[in-house]
file work_37.cif (mmCIF, C-alpha atoms and all ligand atoms)
data_my_file
loop_
_atom_site.group_PDB
_atom_site.id
_atom_site.type_symbol
_atom_site.label_atom_id
_atom_site.label_comp_id
_atom_site.auth_asym_id
_atom_site.auth_seq_id
_atom_site.Cartn_x
_atom_site.Cartn_y
_atom_site.Cartn_z
ATOM 1 C CA MET A 19 13.230 -6.174 8.316
ATOM 2 C CA ASP A 20 10.686 -8.848 9.245
ATOM 3 C CA VAL A 21 10.796 -12.305 7.713
ATOM 4 C CA VAL A 22 7.324 -13.784 7.831
ATOM 5 C CA ARG A 23 6.618 -17.440 7.141
ATOM 6 C CA SER A 24 2.887 -17.704 7.920
ATOM 7 C CA ILE A 25 -0.097 -16.236 6.087
ATOM 8 C CA SER A 26 -1.815 -15.227 9.325
ATOM 9 C CA GLU A 27 1.227 -13.277 10.546
ATOM 10 C CA MET A 28 1.503 -11.565 7.153
ATOM 11 C CA GLN A 29 -2.171 -10.616 7.321
ATOM 12 C CA VAL A 30 -1.836 -9.236 10.855
ATOM 13 C CA MET A 31 1.090 -7.060 9.738
ATOM 14 C CA ARG A 32 -0.725 -5.894 6.636
ATOM 15 C CA ASN A 33 -3.929 -5.122 8.512
ATOM 16 C CA ALA A 34 -2.021 -3.117 11.124
ATOM 17 C CA VAL A 35 -1.375 -0.408 8.513
ATOM 18 C CA GLU A 36 -4.901 -0.547 7.065
ATOM 19 C CA GLY A 37 -6.532 2.856 7.131
ATOM 20 C CA GLN A 38 -3.214 4.670 7.556
ATOM 21 C CA LYS A 39 -2.134 6.926 4.711
ATOM 22 C CA CYS A 40 0.562 4.475 3.748
ATOM 23 C CA SER A 41 1.104 2.985 0.296
ATOM 24 C CA ILE A 42 2.124 -0.671 0.092
ATOM 25 C CA GLY A 43 4.480 -1.771 -2.692
ATOM 26 C CA PHE A 44 4.833 -5.458 -3.500
ATOM 27 C CA VAL A 45 7.439 -7.396 -5.467
ATOM 28 C CA PRO A 46 6.479 -11.063 -5.946
ATOM 29 C CA THR A 47 9.486 -13.303 -6.667
ATOM 30 C CA MET A 48 10.575 -16.913 -6.704
ATOM 31 C CA GLY A 49 13.875 -15.975 -5.089
ATOM 32 C CA THR A 50 17.456 -16.420 -6.320
ATOM 33 C CA LEU A 51 17.419 -12.663 -6.603
ATOM 34 C CA HIS A 52 19.462 -10.822 -9.215
ATOM 35 C CA GLU A 53 19.781 -7.237 -10.467
ATOM 36 C CA GLY A 54 16.485 -7.596 -12.349
ATOM 37 C CA HIS A 55 14.646 -8.178 -9.064
ATOM 38 C CA LEU A 56 16.652 -5.427 -7.413
ATOM 39 C CA SER A 57 15.527 -2.900 -10.004
ATOM 40 C CA LEU A 58 11.896 -3.797 -9.162
ATOM 41 C CA ILE A 59 12.612 -3.578 -5.436
ATOM 42 C CA ARG A 60 14.379 -0.216 -5.783
ATOM 43 C CA SER A 61 11.543 1.315 -7.815
ATOM 44 C CA ALA A 62 8.999 0.045 -5.311
ATOM 45 C CA ARG A 63 11.145 1.407 -2.460
ATOM 46 C CA ASP A 64 11.214 4.849 -4.098
ATOM 47 C CA GLU A 65 7.495 4.968 -4.800
ATOM 48 C CA CYS A 66 5.880 3.326 -1.765
ATOM 49 C CA ASP A 67 5.845 3.853 2.014
ATOM 50 C CA LYS A 68 6.061 0.156 2.860
ATOM 51 C CA LEU A 69 7.666 -2.562 0.783
ATOM 52 C CA ILE A 70 6.858 -6.257 0.888
ATOM 53 C CA VAL A 71 8.806 -8.842 -1.143
ATOM 54 C CA SER A 72 7.573 -12.416 -1.432
ATOM 55 C CA ILE A 73 9.855 -15.357 -2.044
ATOM 56 C CA PHE A 74 8.034 -18.525 -2.990
ATOM 57 C CA VAL A 75 8.922 -21.100 -5.618
ATOM 58 C CA ASN A 76 5.418 -21.865 -6.792
ATOM 59 C CA PRO A 77 5.107 -25.554 -7.726
ATOM 60 C CA MET A 78 1.795 -24.962 -9.493
ATOM 61 C CA GLN A 79 3.380 -22.955 -12.303
ATOM 62 C CA PHE A 80 5.955 -25.595 -13.288
ATOM 63 C CA ASP A 81 4.865 -27.812 -16.158
ATOM 64 C CA ARG A 82 7.727 -30.279 -15.607
ATOM 65 C CA GLU A 83 8.759 -31.992 -12.360
ATOM 66 C CA ASP A 84 12.451 -31.896 -13.306
ATOM 67 C CA ASP A 85 12.282 -28.144 -13.924
ATOM 68 C CA LEU A 86 10.819 -27.567 -10.456
ATOM 69 C CA ALA A 87 13.392 -29.861 -8.849
ATOM 70 C CA ALA A 88 16.248 -28.012 -10.584
ATOM 71 C CA TYR A 89 14.934 -24.496 -9.886
ATOM 72 C CA PRO A 90 17.625 -22.682 -7.855
ATOM 73 C CA GLN A 91 16.775 -21.775 -4.246
ATOM 74 C CA GLN A 92 18.811 -19.737 -1.741
ATOM 75 C CA LEU A 93 16.469 -18.266 0.852
ATOM 76 C CA GLU A 94 19.120 -17.205 3.392
ATOM 77 C CA THR A 95 21.211 -15.436 0.728
ATOM 78 C CA ASP A 96 18.084 -13.740 -0.647
ATOM 79 C CA ILE A 97 17.151 -12.494 2.814
ATOM 80 C CA ASP A 98 20.622 -10.963 3.175
ATOM 81 C CA ILE A 99 20.275 -9.332 -0.253
ATOM 82 C CA VAL A 100 16.913 -7.694 0.468
ATOM 83 C CA LYS A 101 18.001 -6.532 3.937
ATOM 84 C CA LYS A 102 20.357 -4.131 2.186
ATOM 85 C CA GLU A 103 17.479 -2.754 0.082
ATOM 86 C CA LYS A 104 15.436 -1.507 3.049
ATOM 87 C CA VAL A 105 12.607 -3.947 2.438
ATOM 88 C CA ASP A 106 10.102 -3.890 5.316
ATOM 89 C CA VAL A 107 8.801 -7.435 5.109
ATOM 90 C CA VAL A 108 9.901 -10.607 3.329
ATOM 91 C CA PHE A 109 7.011 -13.033 3.008
ATOM 92 C CA ALA A 110 8.484 -16.491 2.486
ATOM 93 C CA PRO A 111 5.836 -19.141 3.095
ATOM 94 C CA CYS A 112 6.434 -22.855 2.624
ATOM 95 C CA LYS A 113 4.511 -24.959 0.106
ATOM 96 C CA GLU A 114 2.156 -26.414 2.746
ATOM 97 C CA GLU A 115 1.251 -22.933 3.965
ATOM 98 C CA ILE A 116 0.199 -21.810 0.488
ATOM 99 C CA TYR A 117 -1.325 -25.091 -0.692
ATOM 100 C CA PRO A 118 -2.687 -26.898 2.368
ATOM 101 C CA GLU A 119 -4.340 -30.275 2.002
ATOM 102 C CA GLY A 120 -7.621 -29.966 0.143
ATOM 103 C CA PHE A 121 -6.573 -26.910 -1.875
ATOM 104 C CA CYS A 122 -8.384 -27.215 -5.205
ATOM 105 C CA THR A 123 -8.876 -23.731 -6.657
ATOM 106 C CA ARG A 124 -7.415 -22.665 -9.989
ATOM 107 C CA VAL A 125 -7.520 -19.205 -11.563
ATOM 108 C CA GLU A 126 -7.700 -19.504 -15.334
ATOM 109 C CA LEU A 127 -7.485 -16.819 -17.999
ATOM 110 C CA LYS A 128 -8.560 -17.465 -21.582
ATOM 111 C CA LYS A 129 -7.179 -15.926 -24.796
ATOM 112 C CA LEU A 130 -4.084 -14.239 -23.334
ATOM 113 C CA THR A 131 -2.682 -17.643 -22.440
ATOM 114 C CA GLU A 132 -3.151 -19.145 -25.901
ATOM 115 C CA ASN A 133 0.127 -17.961 -27.466
ATOM 116 C CA LEU A 134 3.798 -17.674 -26.543
ATOM 117 C CA CYS A 135 4.691 -19.470 -23.286
ATOM 118 C CA GLY A 136 1.025 -20.251 -22.607
ATOM 119 C CA LYS A 137 0.967 -22.506 -25.654
ATOM 120 C CA ARG A 138 4.286 -24.165 -24.867
ATOM 121 C CA ARG A 139 3.851 -24.630 -21.109
ATOM 122 C CA PRO A 140 0.357 -25.981 -20.402
ATOM 123 C CA GLY A 141 -0.966 -24.918 -16.991
ATOM 124 C CA HIS A 142 1.896 -22.495 -16.371
ATOM 125 C CA PHE A 143 -0.180 -19.323 -16.341
ATOM 126 C CA GLU A 144 -2.968 -20.972 -14.382
ATOM 127 C CA GLY A 145 -0.315 -21.550 -11.727
ATOM 128 C CA VAL A 146 0.905 -17.960 -11.976
ATOM 129 C CA ALA A 147 -2.621 -16.495 -11.841
ATOM 130 C CA THR A 148 -3.540 -18.680 -8.866
ATOM 131 C CA ILE A 149 -0.484 -17.791 -6.771
ATOM 132 C CA ILE A 150 -0.712 -14.108 -7.697
ATOM 133 C CA THR A 151 -4.377 -14.002 -6.692
ATOM 134 C CA LYS A 152 -3.487 -15.585 -3.355
ATOM 135 C CA LEU A 153 -0.522 -13.276 -2.765
ATOM 136 C CA PHE A 154 -2.507 -10.174 -3.697
ATOM 137 C CA ASN A 155 -5.325 -11.239 -1.346
ATOM 138 C CA ILE A 156 -2.868 -11.752 1.497
ATOM 139 C CA VAL A 157 -0.608 -8.721 0.956
ATOM 140 C CA LYS A 158 -3.276 -6.344 -0.404
ATOM 141 C CA PRO A 159 -0.708 -4.077 -2.096
ATOM 142 C CA ASP A 160 -1.447 -0.732 -3.712
ATOM 143 C CA ARG A 161 1.210 -1.350 -6.368
ATOM 144 C CA ALA A 162 2.943 -4.474 -7.661
ATOM 145 C CA TYR A 163 6.139 -4.462 -9.716
ATOM 146 C CA LEU A 164 6.905 -6.846 -12.589
ATOM 147 C CA GLY A 165 9.671 -7.113 -15.179
ATOM 148 C CA GLN A 166 9.360 -6.877 -18.963
ATOM 149 C CA LYS A 167 11.286 -10.135 -19.504
ATOM 150 C CA ASP A 168 8.127 -11.998 -18.465
ATOM 151 C CA TYR A 169 5.936 -9.823 -20.659
ATOM 152 C CA GLN A 170 3.102 -12.329 -21.084
ATOM 153 C CA GLN A 171 2.983 -12.747 -17.312
ATOM 154 C CA TYR A 172 2.670 -8.972 -16.938
ATOM 155 C CA ILE A 173 -0.218 -8.773 -19.446
ATOM 156 C CA ILE A 174 -1.997 -11.666 -17.741
ATOM 157 C CA ILE A 175 -1.611 -10.227 -14.248
ATOM 158 C CA LYS A 176 -2.790 -6.792 -15.425
ATOM 159 C CA ARG A 177 -5.886 -8.422 -16.947
ATOM 160 C CA LEU A 178 -6.507 -10.531 -13.854
ATOM 161 C CA VAL A 179 -6.400 -7.441 -11.634
ATOM 162 C CA GLN A 180 -8.770 -5.613 -13.964
ATOM 163 C CA ASP A 181 -11.210 -8.505 -14.418
ATOM 164 C CA LEU A 182 -11.426 -9.258 -10.695
ATOM 165 C CA ASN A 183 -11.498 -5.579 -9.622
ATOM 166 C CA MET A 184 -8.498 -5.955 -7.363
ATOM 167 C CA GLY A 185 -7.627 -2.248 -7.511
ATOM 168 C CA ILE A 186 -3.867 -2.808 -7.679
ATOM 169 C CA ASP A 187 -1.619 -0.689 -9.869
ATOM 170 C CA ILE A 188 0.632 -3.019 -11.905
ATOM 171 C CA LYS A 189 3.973 -1.476 -12.819
ATOM 172 C CA LEU A 190 6.153 -2.813 -15.618
ATOM 173 C CA LEU A 191 9.896 -2.187 -15.492
ATOM 174 C CA PRO A 192 12.441 -2.734 -18.266
ATOM 175 C CA THR A 193 14.379 -5.974 -18.576
ATOM 176 C CA VAL A 194 17.781 -5.775 -16.924
ATOM 177 C CA ARG A 195 20.508 -7.191 -19.168
ATOM 178 C CA ASP A 196 24.093 -8.323 -18.866
ATOM 179 C CA LYS A 197 26.677 -6.329 -20.825
ATOM 180 C CA ASP A 198 26.242 -8.554 -23.905
ATOM 181 C CA GLY A 199 22.468 -8.169 -23.811
ATOM 182 C CA LEU A 200 21.426 -11.452 -22.185
ATOM 183 C CA ALA A 201 18.330 -10.821 -20.055
ATOM 184 C CA LEU A 202 19.003 -11.557 -16.381
ATOM 185 C CA SER A 203 17.168 -14.637 -15.161
ATOM 186 C CA SER A 204 17.551 -17.037 -12.266
ATOM 187 C CA ARG A 205 17.822 -19.744 -14.914
ATOM 188 C CA ASN A 206 21.042 -18.251 -16.360
ATOM 189 C CA ARG A 207 22.966 -19.934 -13.564
ATOM 190 C CA HIS A 208 22.200 -23.308 -15.176
ATOM 191 C CA LEU A 209 24.276 -22.308 -18.233
ATOM 192 C CA SER A 210 27.838 -23.556 -18.624
ATOM 193 C CA ALA A 211 30.456 -20.988 -19.694
ATOM 194 C CA GLU A 212 30.112 -22.143 -23.292
ATOM 195 C CA GLU A 213 26.301 -22.062 -23.176
ATOM 196 C CA ARG A 214 26.388 -18.619 -21.591
ATOM 197 C CA ILE A 215 28.120 -17.301 -24.731
ATOM 198 C CA LYS A 216 25.613 -19.090 -26.970
ATOM 199 C CA ALA A 217 22.727 -17.559 -25.022
ATOM 200 C CA ARG A 218 23.506 -14.177 -26.586
ATOM 201 C CA CYS A 219 21.621 -15.331 -29.666
ATOM 202 C CA LEU A 220 18.227 -14.548 -28.097
ATOM 203 C CA TYR A 221 18.915 -10.834 -27.813
ATOM 204 C CA GLU A 222 20.758 -10.775 -31.144
ATOM 205 C CA ALA A 223 17.689 -12.217 -32.867
ATOM 206 C CA LEU A 224 15.421 -9.694 -31.156
ATOM 207 C CA LEU A 225 17.666 -6.792 -32.133
ATOM 208 C CA LYS A 226 17.641 -8.058 -35.710
ATOM 209 C CA ALA A 227 13.835 -7.963 -35.699
ATOM 210 C CA LYS A 228 13.894 -4.401 -34.404
ATOM 211 C CA SER A 229 16.405 -3.240 -36.999
ATOM 212 C CA LEU A 230 14.449 -4.887 -39.837
ATOM 213 C CA VAL A 231 11.304 -3.053 -38.755
ATOM 214 C CA ARG A 232 13.281 0.170 -38.487
ATOM 215 C CA ASP A 233 14.335 -0.439 -42.100
ATOM 216 C CA ASN A 234 10.675 -0.828 -42.949
ATOM 217 C CA GLN A 235 10.454 -4.598 -43.260
ATOM 218 C CA ARG A 236 6.878 -5.336 -42.142
ATOM 219 C CA GLU A 237 6.381 -8.944 -43.190
ATOM 220 C CA VAL A 238 6.393 -11.118 -40.109
ATOM 221 C CA GLU A 239 7.415 -14.315 -41.945
ATOM 222 C CA LYS A 240 10.514 -12.586 -43.331
ATOM 223 C CA ILE A 241 11.453 -11.114 -39.952
ATOM 224 C CA LYS A 242 10.963 -14.463 -38.225
ATOM 225 C CA SER A 243 13.067 -16.241 -40.806
ATOM 226 C CA GLU A 244 16.001 -13.848 -40.195
ATOM 227 C CA MET A 245 15.631 -14.348 -36.438
ATOM 228 C CA GLU A 246 15.530 -18.113 -36.919
ATOM 229 C CA GLY A 247 18.737 -17.928 -38.980
ATOM 230 C CA ILE A 248 20.580 -16.186 -36.119
ATOM 231 C CA ILE A 249 19.454 -18.725 -33.515
ATOM 232 C CA LEU A 250 19.931 -21.844 -35.625
ATOM 233 C CA HIS A 251 23.445 -20.725 -36.452
ATOM 234 C CA VAL A 252 24.301 -21.477 -32.813
ATOM 235 C CA ARG A 253 25.080 -25.138 -32.139
ATOM 236 C CA ASP A 254 22.839 -26.679 -29.432
ATOM 237 C CA ALA A 255 20.325 -23.810 -29.582
ATOM 238 C CA LYS A 256 16.779 -25.092 -30.190
ATOM 239 C CA ILE A 257 13.915 -22.755 -30.914
ATOM 240 C CA ASP A 258 10.854 -23.285 -28.724
ATOM 241 C CA TYR A 259 9.059 -20.361 -30.355
ATOM 242 C CA ILE A 260 9.623 -17.128 -32.211
ATOM 243 C CA SER A 261 6.536 -14.919 -32.089
ATOM 244 C CA ILE A 262 5.600 -11.472 -33.226
ATOM 245 C CA VAL A 263 2.482 -10.355 -31.426
ATOM 246 C CA ASP A 264 0.286 -7.400 -30.612
ATOM 247 C CA SER A 265 1.553 -5.916 -27.320
ATOM 248 C CA ASP A 266 -1.913 -5.794 -25.737
ATOM 249 C CA THR A 267 -3.771 -8.830 -27.059
ATOM 250 C CA LEU A 268 -0.716 -11.064 -27.635
ATOM 251 C CA ILE A 269 -2.317 -12.189 -30.903
ATOM 252 C CA GLU A 270 0.155 -13.228 -33.636
ATOM 253 C CA LYS A 271 0.597 -10.697 -36.428
ATOM 254 C CA THR A 272 1.287 -11.241 -40.093
ATOM 255 C CA GLU A 273 2.362 -7.624 -40.675
ATOM 256 C CA VAL A 274 4.105 -5.344 -38.215
ATOM 257 C CA SER A 275 2.201 -2.142 -37.598
ATOM 258 C CA GLY A 276 1.598 -0.367 -34.316
ATOM 259 C CA ASP A 277 2.295 -1.800 -30.864
ATOM 260 C CA THR A 278 4.269 -4.969 -31.492
ATOM 261 C CA ILE A 279 6.470 -7.257 -29.435
ATOM 262 C CA ALA A 280 8.935 -9.814 -30.757
ATOM 263 C CA ALA A 281 9.347 -12.686 -28.294
ATOM 264 C CA VAL A 282 11.507 -15.794 -28.249
ATOM 265 C CA ALA A 283 11.921 -18.930 -26.183
ATOM 266 C CA VAL A 284 15.067 -20.897 -26.911
ATOM 267 C CA TRP A 285 16.634 -23.990 -25.401
ATOM 268 C CA ILE A 286 20.354 -23.572 -24.835
ATOM 269 C CA GLY A 287 21.335 -27.129 -23.997
ATOM 270 C CA SER A 288 18.871 -28.125 -21.265
ATOM 271 C CA THR A 289 18.017 -24.565 -20.190
ATOM 272 C CA ARG A 290 14.997 -22.808 -21.616
ATOM 273 C CA LEU A 291 15.411 -19.023 -21.849
ATOM 274 C CA ILE A 292 12.882 -16.381 -22.842
ATOM 275 C CA ASP A 293 13.204 -12.758 -23.927
ATOM 276 C CA ASN A 294 11.266 -10.091 -25.825
ATOM 277 C CA ILE A 295 11.506 -6.509 -27.041
ATOM 278 C CA VAL A 296 9.183 -3.878 -28.432
ATOM 279 C CA ILE A 297 9.768 -3.680 -32.188
ATOM 280 C CA ASP A 298 7.095 -1.132 -33.109
ATOM 281 C CA THR A 299 4.877 1.341 -31.281
HETATM 282 O O1 LIG B 301 8.026 -14.109 -12.176
HETATM 283 C C1 LIG B 301 8.065 -14.838 -11.168
HETATM 284 O O2 LIG B 301 9.061 -14.916 -10.444
HETATM 285 C C2 LIG B 301 6.848 -15.664 -10.805
HETATM 286 O O3 LIG B 301 6.191 -16.104 -11.936
HETATM 287 C C3 LIG B 301 5.879 -14.944 -9.837
HETATM 288 C C4 LIG B 301 5.290 -13.689 -10.466
HETATM 289 C C5 LIG B 301 6.611 -14.574 -8.567
HETATM 290 C C6 LIG B 301 4.723 -15.876 -9.483
HETATM 291 O O4 LIG B 301 5.187 -17.031 -8.872
#
call {"tool": "encode", "arguments": {"input": "work_37.cif", "output": "structure tokens", "more": "lines below"}}
Ligand code: PAF
result
Amino acid sequence: MDVVRSISEMQVMRNAVEGQKCSIGFVPTMGTLHEGHLSLIRSARDECDKLIVSIFVNPMQFDREDDLAAYPQQLETDIDIVKKEKVDVVFAPCKEEIYPEGFCTRVELKKLTENLCGKRRPGHFEGVATIITKLFNIVKPDRAYLGQKDYQQYIIIKRLVQDLNMGIDIKLLPTVRDKDGLALSSRNRHLSAEERIKARCLYEALLKAKSLVRDNQREVEKIKSEMEGIILHVRDAKIDYISIVDSDTLIEKTEVSGDTIAAVAVWIGSTRLIDNIVIDT
């Protein structure tokens, strides 16, 4: 497995297989890899001839300095983890390599960034779209693999690829959960043992929404109020948002019918967690 730190070396490697009948799979990550990332890596490994994983904590997508400073990083451990997964190349550039002096481009998407995390974290998706555009231009993958936990990110990246004719197949894989349902996230390691138990409330609230819809409750306000009840019952849990949106447009619904996602962002102490599930199709 090659570990590549410079863009030019990554491009040389990528261009060496240009023209060969060889599909390139790509898993972009910010490191601190867990089973969620591994499920993306394993699917990409199964479906592609060559597999590239990027590890880069992208400062542009953090809306708070303290969040960036606290974001866990463990490059050497991550490299050991991916070695076992038969990854061909790990692309792990430093900040200066990606954003050299004078860098001033931003990739901005309208509409899809107006709700959910886009509303709560100004500039976040501009940062995601900018780094993803750069990574896709450098790696030139045939397929890229993303997880359902970051559903809005998936929708935005799919749109970006379509709007800018990048010709990359974007694959969405299910959220990987702990036994009690908590979605795996690098941020979970910030939770104390007590907070970890409290964090179950996100998935519990989402499951409640799904069961209400199954029982034919269609009124969004009623569903949201039940979800709110579950989360607010937990001491130190603060709701950032509860949203019920169309799965394609991410526009808020008032009635559940057809493709619908319930999504939550909740502060457990000083850690902000997100999760979502499909509640109607
Ligand atoms: O989901 C993530 O880890 C990041 O947002 C991504 C897609 C790697 C872009 O920095």
call {"tool": "residues_around", "arguments": {"input": "work_37.cif", "residues": "Arg82 of chain A", "least_positions_apart": "6", "cutoff": "12 Å", "atoms": "all atoms listed in the file", "output": "PyMOL selection string"}}
result
chain A and resi 88-89+138-142
call {"tool": "write_last_selection", "arguments": {"input": "work_37.cif", "atoms": "C-alpha atoms", "output": "PDB file, keeping the file's coordinate frame"}}
result
ATOM      1  CA  ALA A  88      16.248 -28.012 -10.584  1.00  0.00           C
ATOM      2  CA  TYR A  89      14.934 -24.496  -9.886  1.00  0.00           C
ATOM      3  CA  ARG A 138       4.286 -24.165 -24.867  1.00  0.00           C
ATOM      4  CA  ARG A 139       3.851 -24.630 -21.109  1.00  0.00           C
ATOM      5  CA  PRO A 140       0.357 -25.981 -20.402  1.00  0.00           C
ATOM      6  CA  GLY A 141      -0.966 -24.918 -16.991  1.00  0.00           C
ATOM      7  CA  HIS A 142       1.896 -22.495 -16.371  1.00  0.00           C
TER       8      HIS A 142
END
call {"tool": "residues_near_ligand", "arguments": {"input": "work_37.cif", "ligand": "ligand LIG 301 (chain B)", "cutoff": "7 Å", "atoms": "all atoms listed in the file", "output": "ChimeraX atom specification"}}
result
/A:46-48,74-76,146,149-150,168
call {"tool": "resolve_selection", "arguments": {"input": "work_37.cif", "expression": "the PyMOL selection byres (((chain A and resi 117) around 12) and not hetatm)", "output": "list in words"}}
result
Ile25, Phe74, Asn76, Pro77, Met78, Pro111, Cys112, Lys113, Glu114, Glu115, Ile116, Pro118, Glu119, Gly120, Phe121, Cys122, Thr123, Arg124, Gly145, Thr148, Ile149 and Lys152 of chain A
call {"tool": "atom_distance", "arguments": {"input": "work_37.cif", "atom1": "atom CA of Ile295 of chain A", "atom2": "atom CA of Val238 of chain A"}}
result
14.8 Å
call {"tool": "closest_atom_pairs", "arguments": {"input": "work_37.cif", "of": "segment 83-187 of chain A", "to": "segment 59-63 of chain A", "cutoff": "10 Å", "atoms": "only C-alpha atoms", "output": "tab-separated table"}}
result
residue	atom	partner	partner_atom	distance
A:Val100	CA	A:Ile59	CA	8.4
A:Glu103	CA	A:Arg60	CA	7.1
A:Lys104	CA	A:Arg63	CA	7.6
A:Val105	CA	A:Arg63	CA	7.4
A:Asp106	CA	A:Arg63	CA	9.5
A:Arg161	CA	A:Ala62	CA	8.0
A:Ala162	CA	A:Ala62	CA	7.9
A:Tyr163	CA	A:Ala62	CA	6.9
A:Leu164	CA	A:Ile59	CA	9.7
call {"tool": "atom_distance", "arguments": {"input": "work_37.cif", "atom1": "atom CA of Val179 of chain A", "atom2": "atom CA of Thr131 of chain A"}}
result
15.3 Å
call {"tool": "residues_around", "arguments": {"input": "work_37.cif", "residues": "segment 245-251 of chain A", "least_positions_apart": "4", "cutoff": "12 Å", "atoms": "all atoms listed in the file", "output": "JSON, numbers by chain"}}
result
{"A": [216, 217, 218, 219, 220, 221, 222, 223, 224, 225, 226, 227, 228, 229, 230, 238, 239, 240, 241, 255, 256, 257, 258, 259, 260, 261, 262, 280, 281, 282, 283, 284, 285, 286]}
call {"tool": "resolve_selection", "arguments": {"input": "work_37.cif", "expression": "the PyMOL selection byres (((chain A and resi 208) around 10) and not hetatm)", "output": "compact mmCIF listing (two decimals) with C-alpha atoms, keeping the file's coordinate frame"}}
result
# COMPACT_ATOMS: atom_id res chain seq x y z
CA ALA A 88 16.25 -28.01 -10.58
CA TYR A 89 14.93 -24.50 -9.89
CA PRO A 90 17.62 -22.68 -7.86
CA SER A 204 17.55 -17.04 -12.27
CA ARG A 205 17.82 -19.74 -14.91
CA ASN A 206 21.04 -18.25 -16.36
CA ARG A 207 22.97 -19.93 -13.56
CA LEU A 209 24.28 -22.31 -18.23
CA SER A 210 27.84 -23.56 -18.62
CA ALA A 211 30.46 -20.99 -19.69
CA GLU A 213 26.30 -22.06 -23.18
CA ARG A 214 26.39 -18.62 -21.59
CA ILE A 286 20.35 -23.57 -24.84
CA GLY A 287 21.34 -27.13 -24.00
CA SER A 288 18.87 -28.12 -21.26
CA THR A 289 18.02 -24.56 -20.19
CA ARG A 290 15.00 -22.81 -21.62
call {"tool": "atom_distance", "arguments": {"input": "work_37.cif", "atom1": "atom CA of Ser57 of chain A", "atom2": "atom CA of Val45 of chain A"}}
result
10.3 Å
call {"tool": "resolve_selection", "arguments": {"input": "work_37.cif", "expression": "the PyMOL selection byres (((chain A and resi 269) around 12) and not hetatm)", "output": "list of chain:residue names"}}
result
A:Lys129, A:Leu130, A:Thr131, A:Glu132, A:Asn133, A:Leu134, A:Gln170, A:Ser261, A:Ile262, A:Val263, A:Asp264, A:Ser265, A:Asp266, A:Thr267, A:Leu268, A:Glu270, A:Lys271, A:Thr272, A:Glu273, A:Val274, A:Asp277, A:Thr278, A:Ile279, A:Ala280, A:Ala281
call {"tool": "closest_residue", "arguments": {"input": "work_37.cif", "among": "A:Ala87, A:Ile186, A:Ile175, A:Val252", "to": "Gly43 of chain A", "atoms": "all atoms listed in the file"}}
result
A:Ile186
call {"tool": "closest_residue", "arguments": {"input": "work_37.cif", "among": "A:Ala34, A:Leu58, A:Lys68, A:Cys135", "to": "Leu190 of chain A", "atoms": "all atoms listed in the file"}}
result
A:Leu58
call {"tool": "closest_residue", "arguments": {"input": "work_37.cif", "among": "A:Ser41, A:Gln180, A:Ser275, A:Ser24", "to": "Glu237 of chain A", "atoms": "all atoms listed in the file"}}
result
A:Ser275
call {"tool": "closest_residue", "arguments": {"input": "work_37.cif", "among": "A:Leu51, A:Ala147, A:Ile156, A:Leu56", "to": "Tyr172 of chain A", "atoms": "only C-alpha atoms"}}
result
A:Ala147
call {"tool": "closest_residue", "arguments": {"input": "work_37.cif", "among": "A:Asp20, A:Glu36, A:Asp298, A:Glu53", "to": "Arg236 of chain A", "atoms": "only C-alpha atoms"}}
result
A:Asp298
call {"tool": "build_atoms", "arguments": {"input": "work_37.cif", "residues": "segment 110-117 of chain A", "atoms": "N, CA, C and O atoms", "output": "compact mmCIF listing (two decimals), in the coordinates of the input"}}
result
# COMPACT_ATOMS: atom_id res chain seq x y z
N ALA A 110 7.88 -15.28 3.07
CA ALA A 110 8.48 -16.49 2.49
C ALA A 110 7.79 -17.74 3.05
O ALA A 110 8.34 -18.45 3.90
N PRO A 111 6.58 -17.99 2.58
CA PRO A 111 5.84 -19.14 3.10
C PRO A 111 6.37 -20.45 2.53
O PRO A 111 7.03 -20.45 1.49
N CYS A 112 6.08 -21.55 3.20
CA CYS A 112 6.43 -22.86 2.62
C CYS A 112 5.26 -23.35 1.77
O CYS A 112 4.17 -22.76 1.78
N LYS A 113 5.52 -24.42 1.05
CA LYS A 113 4.51 -24.96 0.11
C LYS A 113 3.20 -25.32 0.82
O LYS A 113 2.11 -25.03 0.35
N GLU A 114 3.34 -25.95 2.01
CA GLU A 114 2.16 -26.41 2.75
C GLU A 114 1.31 -25.24 3.24
O GLU A 114 0.10 -25.36 3.43
N GLU A 115 1.98 -24.11 3.49
CA GLU A 115 1.25 -22.93 3.96
C GLU A 115 0.38 -22.37 2.83
O GLU A 115 -0.76 -21.98 3.04
N ILE A 116 0.93 -22.37 1.64
CA ILE A 116 0.20 -21.81 0.49
C ILE A 116 -0.82 -22.82 -0.05
O ILE A 116 -1.95 -22.45 -0.41
N TYR A 117 -0.42 -24.07 -0.13
CA TYR A 117 -1.32 -25.09 -0.69
C TYR A 117 -1.58 -26.18 0.35
O TYR A 117 -1.03 -27.28 0.25
